[in-house]
Amino acid sequence: MNSSLPYGLTRKDLLRLGASAGLAAIVPAAAGAALPKEAMQAPSFYRFDVGQIQVTMIFDGQSTRPVSSALVPNAPVERVRAALGAVQLSVDTFKAPYTFVAVNTGGKLGLIDTGSDSQYLAGVDAGARSLAGAGINRAAVDVVVLSHFHPDHVYGLTGRDGRPLYPNAEVLMPEAELAMVRDDGMIGRLATEAFRTFATNARVKLAAYGARVRPYKNGDEVLPGVTAMSTPGHSPGHMSFLLASEGRQVLHLVDALTFPALFVRHPHWHFVLDMDGGLAEATRLRVLDQVVAEELLVMGYHFPFPAVGRIASAGEGYEFHPVDWSATL
Ligand SMILES: [Zn+2]
C-alpha cells in the first residue's frame, strides 16, 4: 500500500514529516504579508464554435439599479420582487449584465454591437479589458454589425475623443434605425428625452465612420453564415441574428429577450426600455415559440454571463438554462 505514494515516500515518512515540520513549514508565519483583495473579476470572455464559426462572448460589465415600479411598467413591483426572489436574486437591487459578441468566420472578424466603452452607465466598463483578454485587436475587426441604436450597444463605436475604435471596420446598421437617427423629425417624435439623446448620440458615433456605414434589413447575410432577423419592439428596427454553419445554429436574441428571471419567466411583462411594449411582447412570444419548438441554442445581450443557453417551457412562462461552462470547444 505504501508503495503507491509518490516520490518513494512511505506513509510513515509522511507522518514523521508532518509531525516534525508542522504547519509552519507550509503556511508562512508572516501572515501580515496578505495579498490585497481584488475588486474586479478577470477579463471575461467565453468561446464556443458553431460549425466553422467561432463565437466569443465579450463581457462589458454590469449596471446596478434599485428595483422599483419603473423597471416593469405593467406589473406590480411586489410581483417583480417575487420573481427575482424566486431565483435567489436580490429583491432590492437589480444587476444588469452586458455582453457583446465577436464572430470569427475564418475569413472575416465581426462584432455584433460594441458595448459602451465606459461612456454610458457606471460599472459597464469591462469591454476593452475583455477584448484584450480574448486576444482580439480592435484594428483587426472587419465588420461591426449593430443590432439597434441604444447606447449600451453603440457608444463603443468611438472613444470619448470621438475617434473610431475600429479603424478598419465597416459598420452595418438596421435600415429603419439608420434612417431614424439621421432624421431630426423622427428623433423629435421619440417618446422621451432619453431616447432622443440616445438617437442623437448614435448619429454622431456613426458619422465618425463616414461612408463606411451601410444599412441592412431583415434576411440579409451580415457576415458569412450570420443572417439578420427582424425583432422589433424593444426598438423600432431591432434585429436578432441567426448564426449557422455545418448544420449547427445559435440565435442571438440581443434585446428581443432581456433579463431571463423577469422576461423569459414572464414574457407578458414589459421592460422599461422596450420602446413599444406591446410590439416587444408580441415579438418576445414569437421568438420564445420558435426557440422552444426548434430547441435552439440562444444568446442574449443581457443574459447572465456567458449569456448562452437554452429555453424550455415552464408553467405559464419559460425558463432559461445557461450552458455548462466548457473547457474545450
Ligand atoms: Zn441593451
# chains A, B, ... in the order shown; residues from 1 in each chain; ligands from 1
call {"tool": "residues_around", "arguments": {"residues": "Thr328 in chain A", "least_positions_apart": "5", "cutoff": "12 Å", "atoms": "only C-alpha atoms", "output": "PyMOL selection string"}}
result
chain A and resi 46-49
call {"tool": "residues_near_ligand", "arguments": {"ligand": "ligand 1", "cutoff": "8 Å", "atoms": "only C-alpha atoms and all ligand atoms", "output": "list of chain:residue names"}}
result
A:Tyr98, A:His150, A:Pro151, A:Asp152, A:His153, A:Val254, A:Asp255, A:Thr258, A:Tyr301, A:His302
call {"tool": "residues_around", "arguments": {"residues": "Ser116 in chain A", "least_positions_apart": "3", "cutoff": "10 Å", "atoms": "only C-alpha atoms", "output": "PyMOL selection string"}}
result
chain A and resi 60-61+98+100+113+119-121+124-128+150-159
call {"tool": "closest_residue", "arguments": {"among": "A:Asp184, A:Ala280, A:Met229, A:Leu109", "to": "Thr56 in chain A", "atoms": "only C-alpha atoms"}}
result
A:Leu109
call {"tool": "select_by_dssp", "arguments": {"residues": "range 29-89 of chain A", "states": "helix (DSSP H, G or I)", "output": "ChimeraX atom specification"}}
result
/A:77-86
call {"tool": "write_last_selection", "arguments": {"atoms": "C-alpha atoms", "output": "PDB file, in the first residue's frame"}}
result
ATOM      1  CA  VAL A  77     -43.392  45.871  -8.115  1.00  0.00           C
ATOM      2  CA  GLU A  78     -44.252  43.215  -5.491  1.00  0.00           C
ATOM      3  CA  ARG A  79     -44.591  40.631  -8.259  1.00  0.00           C
ATOM      4  CA  VAL A  80     -41.298  41.752  -9.787  1.00  0.00           C
ATOM      5  CA  ARG A  81     -39.574  41.352  -6.412  1.00  0.00           C
ATOM      6  CA  ALA A  82     -41.157  37.913  -6.036  1.00  0.00           C
ATOM      7  CA  ALA A  83     -39.870  36.847  -9.466  1.00  0.00           C
ATOM      8  CA  LEU A  84     -36.326  37.909  -8.531  1.00  0.00           C
ATOM      9  CA  GLY A  85     -36.596  36.245  -5.115  1.00  0.00           C
ATOM     10  CA  ALA A  86     -37.834  33.039  -6.734  1.00  0.00           C
TER      11      ALA A  86
END
call {"tool": "atom_distance", "arguments": {"atom1": "CA of Phe241 in chain A", "atom2": "CA of Thr99 in chain A"}}
result
14.8 Å
call {"tool": "residues_around", "arguments": {"residues": "Pro43 in chain A", "least_positions_apart": "4", "cutoff": "9 Å", "atoms": "only C-alpha atoms", "output": "number ranges by chain"}}
result
A: 58-59, 126-134
call {"tool": "write_last_selection", "arguments": {"atoms": "C-alpha atoms", "output": "short mmCIF file (atom, residue, chain, number, x, y, z; two decimals), in the first residue's frame"}}
result
data_model
loop_
_atom_site.label_atom_id
_atom_site.label_comp_id
_atom_site.auth_asym_id
_atom_site.auth_seq_id
_atom_site.Cartn_x
_atom_site.Cartn_y
_atom_site.Cartn_z
CA ILE A 58 -17.24 39.67 -24.59
CA PHE A 59 -18.38 40.83 -21.14
CA ALA A 126 -15.15 45.98 -18.93
CA GLY A 127 -15.28 45.67 -22.73
CA ALA A 128 -11.77 46.84 -23.54
CA ARG A 129 -10.23 44.52 -20.92
CA SER A 130 -12.36 41.61 -22.06
CA LEU A 131 -11.44 42.14 -25.74
CA ALA A 132 -7.76 42.35 -24.85
CA GLY A 133 -8.07 39.29 -22.65
CA ALA A 134 -9.58 37.37 -25.57
#
call {"tool": "closest_residue", "arguments": {"among": "A:Leu257, A:Ala140, A:Leu165, A:Val308", "to": "Arg286 in chain A", "atoms": "only C-alpha atoms"}}
result
A:Leu257
call {"tool": "residues_around", "arguments": {"residues": "Val141 in chain A", "least_positions_apart": "5", "cutoff": "8 Å", "atoms": "only C-alpha atoms", "output": "JSON, numbers by chain"}}
result
{"A": [108, 109, 110, 111, 166, 168, 169]}
call {"tool": "select_by_dssp", "arguments": {"residues": "range 177-277 of chain A", "states": "strand (DSSP E)", "output": "number ranges by chain"}}
result
A: 213-216, 221-223, 226-230, 239-245, 248-252
call {"tool": "closest_residue", "arguments": {"among": "A:Val181, A:Phe305, A:Lys217, A:Gly107", "to": "Trp325 in chain A", "atoms": "only C-alpha atoms"}}
result
A:Phe305
